[in-house]
>>> print(open('input.cif').read())   # mmCIF, C-alpha atoms
data_my_file
loop_
_atom_site.label_atom_id
_atom_site.label_comp_id
_atom_site.auth_asym_id
_atom_site.auth_seq_id
_atom_site.Cartn_x
_atom_site.Cartn_y
_atom_site.Cartn_z
CA MET A 10 135.34 95.95 171.16
CA ILE A 11 137.29 95.56 174.39
CA ARG A 12 136.58 92.80 176.87
CA HIS A 13 137.42 93.62 180.48
CA ILE A 14 137.63 90.76 182.99
CA VAL A 15 138.51 91.15 186.66
CA PHE A 16 138.81 88.43 189.30
CA PHE A 17 138.47 89.08 193.03
CA ARG A 18 139.09 87.02 196.15
CA ALA A 19 137.76 88.18 199.50
CA ARG A 20 140.23 88.33 202.37
CA ASN A 21 137.69 86.54 204.59
CA ARG A 22 135.01 84.09 203.43
CA GLU A 23 132.34 86.03 205.33
CA ASP A 24 133.09 89.12 203.18
CA VAL A 25 132.32 87.51 199.79
CA GLY A 26 128.77 88.87 199.84
CA ALA A 27 129.98 92.39 200.63
CA VAL A 28 132.55 92.18 197.81
CA LEU A 29 129.80 91.08 195.40
CA GLU A 30 127.55 93.91 196.59
CA GLY A 31 130.32 96.51 196.31
CA LEU A 32 131.13 95.41 192.78
CA SER A 33 127.49 95.17 191.69
CA ILE A 34 127.14 98.96 191.78
CA LEU A 35 129.38 98.99 188.69
CA LYS A 36 126.36 97.83 186.68
CA THR A 37 124.85 101.32 187.08
CA ILE A 38 127.69 102.90 185.07
CA PRO A 39 126.38 103.58 181.54
CA HIS A 40 129.54 103.10 179.43
CA ALA A 41 129.58 99.31 179.06
CA SER A 42 127.60 97.59 176.34
CA ARG A 43 127.50 94.57 178.67
CA LEU A 44 128.53 94.25 182.32
CA GLU A 45 128.16 91.20 184.54
CA VAL A 46 129.11 90.85 188.20
CA THR A 47 128.73 87.33 189.57
CA LEU A 48 130.01 84.79 192.02
CA ASN A 49 132.51 82.36 190.59
CA GLY A 50 130.74 79.05 190.09
CA LYS A 51 133.87 77.00 189.47
CA VAL A 52 134.77 74.32 191.97
CA ASP A 53 138.19 72.90 191.22
CA GLN A 54 140.35 70.41 193.06
CA LEU A 55 143.50 72.37 192.17
CA GLY A 56 142.38 75.79 193.34
CA ASN A 57 139.43 78.02 194.03
CA ASP A 58 141.15 81.36 194.31
CA VAL A 59 138.46 83.49 192.71
CA ASP A 60 135.26 84.47 194.52
CA VAL A 61 133.75 87.16 192.26
CA VAL A 62 134.09 87.87 188.54
CA VAL A 63 133.43 91.16 186.73
CA TYR A 64 133.00 90.82 182.96
CA GLY A 65 132.48 93.84 180.74
CA GLU A 66 132.31 94.64 177.05
CA PHE A 67 133.12 98.15 175.83
CA ALA A 68 132.84 99.62 172.34
CA ASP A 69 136.39 100.99 172.47
CA ALA A 70 139.18 102.23 174.74
CA ALA A 71 137.39 105.55 175.23
CA ALA A 72 134.30 103.80 176.62
CA LEU A 73 136.44 101.74 179.00
CA ALA A 74 138.27 104.89 180.13
CA ALA A 75 134.95 106.69 180.70
CA TYR A 76 133.73 103.72 182.77
CA LYS A 77 136.85 103.87 184.94
CA ALA A 78 136.54 107.66 185.32
CA HIS A 79 132.94 107.46 186.55
CA PRO A 80 132.50 108.33 190.27
CA THR A 81 130.68 105.04 190.91
CA TYR A 82 133.83 103.17 189.83
CA GLN A 83 135.78 104.88 192.63
CA GLU A 84 132.95 104.21 195.07
CA SER A 85 133.18 100.51 194.23
CA ILE A 86 136.95 100.55 194.79
CA ASP A 87 136.47 102.25 198.15
CA ARG A 88 133.99 99.57 199.24
CA VAL A 89 135.84 96.51 197.94
CA ARG A 90 139.56 97.26 198.36
CA PRO A 91 139.56 96.80 202.17
CA LEU A 92 137.75 93.46 201.81
CA ARG A 93 139.74 91.87 199.01
CA ASP A 94 142.86 89.79 199.09
CA LEU A 95 143.31 89.39 195.33
CA ARG A 96 142.45 91.40 192.23
CA MET A 97 143.55 90.30 188.77
CA ALA A 98 142.44 92.10 185.63
CA ALA A 99 142.77 91.55 181.89
CA ASP A 100 141.63 93.60 178.92
CA TYR A 101 141.76 92.44 175.33
CA GLU A 102 140.51 93.70 172.03
CA VAL A 103 138.13 91.70 169.85
CA ALA A 104 137.76 92.48 166.17
#
>>> encode(input="input.cif", output="structure tokens")
Amino acid sequence: MIRHIVFFRARNREDVGAVLEGLSILKTIPHASRLEVTLNGKVDQLGNDVDVVVYGEFADAAALAAYKAHPTYQESIDRVRPLRDLRMAADYEVA
């Protein structure tokens, strides 16, 4: 299984809702065994750089690749990219 985690920060605070909405369409893509899109609930005195978190679980690299090749994935990018200031992603395999 592959876990896929992506962090986003909106360029402007008033755009956080639009970033969340633009990323939420990813949940309609059928290739993930689990996909969550949520606001970051962490409040930290040292930094609150992340507004929205995308967490996905995929059976294998082929499923993750199919997810990224889906047209809705590109639609999400087109909606969110102009609104975001930060995007950090990590993928790792779990036995």
>>> closest_residue(input="input.cif", among="A:Ala19, A:Ala99, A:Pro39, A:Ile14", to="Asp58 of chain A", atoms="all atoms listed in the file")
A:Ala19
>>> resolve_selection(input="input.cif", expression="the PyMOL selection byres ((chain A and resi 70) around 12)", output="ChimeraX atom specification")
/A:10-13,40-41,66-69,71-77,100-103
>>> closest_residue(input="input.cif", among="A:Asp60, A:Asp94, A:Glu84, A:Asp53", to="Thr37 of chain A", atoms="only C-alpha atoms")
A:Glu84
>>> resolve_selection(input="input.cif", expression="the PyMOL selection byres ((chain A and resi 50) around 10)", output="PDB file with C-alpha atoms, keeping the file's coordinate frame")
ATOM      1  CA  THR A  47     128.730  87.330 189.570  1.00  0.00           C
ATOM      2  CA  LEU A  48     130.010  84.790 192.020  1.00  0.00           C
ATOM      3  CA  ASN A  49     132.510  82.360 190.590  1.00  0.00           C
ATOM      4  CA  LYS A  51     133.870  77.000 189.470  1.00  0.00           C
ATOM      5  CA  VAL A  52     134.770  74.320 191.970  1.00  0.00           C
ATOM      6  CA  ASP A  53     138.190  72.900 191.220  1.00  0.00           C
ATOM      7  CA  ASN A  57     139.430  78.020 194.030  1.00  0.00           C
ATOM      8  CA  VAL A  59     138.460  83.490 192.710  1.00  0.00           C
ATOM      9  CA  ASP A  60     135.260  84.470 194.520  1.00  0.00           C
ATOM     10  CA  VAL A  61     133.750  87.160 192.260  1.00  0.00           C
ATOM     11  CA  VAL A  62     134.090  87.870 188.540  1.00  0.00           C
TER      12      VAL A  62
END
>>> resolve_selection(input="input.cif", expression="the PyMOL selection byres ((chain A and resi 28) around 8)", output="list in words")
Ala19, Asp24, Val25, Gly26, Ala27, Leu29, Glu30, Gly31, Leu32, Val61, Arg88, Val89, Leu92 and Arg93 of chain A
>>> closest_residue(input="input.cif", among="A:Tyr82, A:Leu55, A:Val46, A:Asp87", to="Val15 of chain A", atoms="only C-alpha atoms")
A:Val46
>>> atom_distance(input="input.cif", atom1="atom CA of Thr81 of chain A", atom2="atom CA of Gly65 of chain A")
15.2 Å
>>> closest_residue(input="input.cif", among="A:Ala78, A:Met97, A:Ala104, A:Ile38", to="Arg18 of chain A", atoms="only C-alpha atoms")
A:Met97
>>> atom_distance(input="input.cif", atom1="atom CA of Pro91 of chain A", atom2="atom CA of Arg43 of chain A")
26.5 Å
>>> atom_distance(input="input.cif", atom1="atom CA of Val63 of chain A", atom2="atom CA of Arg90 of chain A")
14.5 Å
>>> closest_residue(input="input.cif", among="A:Leu44, A:Leu35, A:Tyr64, A:Phe17", to="Leu95 of chain A", atoms="all atoms listed in the file")
A:Phe17
>>> closest_residue(input="input.cif", among="A:Ser85, A:Phe16, A:Gly56, A:Glu23", to="Lys36 of chain A", atoms="all atoms listed in the file")
A:Ser85
